[in-house]
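Colleague: Starting off with a structure, shown below.
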Amino acid sequence: MPRIIGIDLGTTNSCVATLERGAPTVLSSPEGSRTTPSVVAFLPSGSVVVGTPARRQAVTNPTRTIIGAKRLIGRKVNTQDVQRFAASAPFRIVASPSGDAWIRLDERDVSPQEVSSYMLERMRRIAELALGEPAT
């Protein structure tokens, strides 16, 4: 019987769980943590790091380390809550062609959905490692 996984994509932390004998079980990451910081860092080399490694390098790469991306999904850049978040964010929040709040990374603009997709991919990989089988 196929297993079901559930992902809690949080603003601050995310986690992944499965049902074991009818009860939910939160899966641990390879680092041993049951939650993963919802942080995505875009490195100058072009690679992307997620979770604890991304949070660790936020001091040296603040403008390319994205926290709280979920707060921006479906929001217009000119709203009061986005403007308040932008005032404290170390990265730049800009308007997409439709006026939605996106994140500026050097010369490229990234949607909060794209940033969140890196978190979802990380959660899927944690599930695959913990369960020993592909998650689709």
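Residues in the structure tokens are numbered from 1 in each chain, the chains being A, B, ... in the order shown, and ligands are numbered from 1 in the order shown.
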Need to verify the contact set: A:Thr79, 10 Å, only C-alpha atoms, exclusion of same-chain residues closer than 4 positions in sequence. Can you return it as a list in words?
Modeller: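 Neighbouring residues, sequence-local ones excluded: Arg75, Gln83, Arg84, Asp100 and Ala101 of chain A.
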Colleague: Quick one: contact table of stretch 25-76 of chain A to stretch 122-133 of chain A, 9 Å max, nearest atom pair and distance in Å to one decimal per residue, counting only C-alpha atoms, chain and number order, as a tab-separated table?
Modeller:
```
residue	atom	partner	partner_atom	distance
A:Leu27	CA	A:Ala130	CA	6.6
A:Ser28	CA	A:Ala130	CA	7.2
A:Ser29	CA	A:Ile126	CA	5.5
A:Pro30	CA	A:Ile126	CA	7.2
A:Thr36	CA	A:Met123	CA	8.3
A:Val50	CA	A:Arg122	CA	7.1
A:Gly51	CA	A:Arg122	CA	8.2
```
Colleague: Might you pull out every residue within 9 Å of A:Leu43, with only C-alpha atoms counted and same-chain residues fewer than 5 positions away left off, and present them as a tab-separated table (two decimals) with N, CA, C and O atoms, in the first residue's frame?
Modeller:
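Saved as around05.tsv:
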```tsv
chain	number	residue	atom	x	y	z
A	48	VAL	N	21.44	26.57	-4.76
A	48	VAL	CA	20.43	26.96	-3.77
A	48	VAL	C	20.57	26.03	-2.56
A	48	VAL	O	20.67	24.83	-2.72
A	49	VAL	N	20.60	26.61	-1.37
A	49	VAL	CA	20.61	25.82	-0.14
A	49	VAL	C	19.35	26.14	0.65
A	49	VAL	O	18.81	27.24	0.57
A	61	ASN	N	25.40	36.47	3.62
A	61	ASN	CA	24.68	36.60	2.35
A	61	ASN	C	23.23	37.05	2.60
A	61	ASN	O	22.29	36.40	2.15
A	64	ARG	N	20.49	37.65	-0.29
A	64	ARG	CA	20.14	36.50	-1.12
A	64	ARG	C	19.62	35.33	-0.27
A	64	ARG	O	19.52	34.21	-0.74
A	65	THR	N	19.34	35.61	1.00
A	65	THR	CA	18.79	34.60	1.91
A	65	THR	C	17.35	35.00	2.22
A	65	THR	O	17.11	36.04	2.83
```
Colleague: So what do you get for atom CA of A:Val40 versus atom CA of A:Leu19, distance-wise?
Modeller: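 Calculated distance between atom CA of A:Val40 and atom CA of A:Leu19 is 27.5 Å.
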Colleague: Looking only at strand (DSSP E or B) from DSSP on the backbone, list the matching residues of stretch 29-76 of chain A as a list in words.
Modeller: Thr36, Pro37, Val39, Val40, Ala41, Phe42, Val48, Val49, Val50, Thr65, Ile66, Ile67 and Lys76 of chain A
Colleague: Nearest residue to A:Ala23 out of A:Gly46, A:Gln80, A:Phe91, A:Ile5, using only C-alpha atoms?
Modeller: A:Ile5
Colleague: From the options A:Cys15, A:Ser117, A:Asp109, A:Ser33, which residue's atoms come nearest to A:Pro97, counting only C-alpha atoms?
Modeller: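 Under the stated criterion, the closest residue is A:Asp109.
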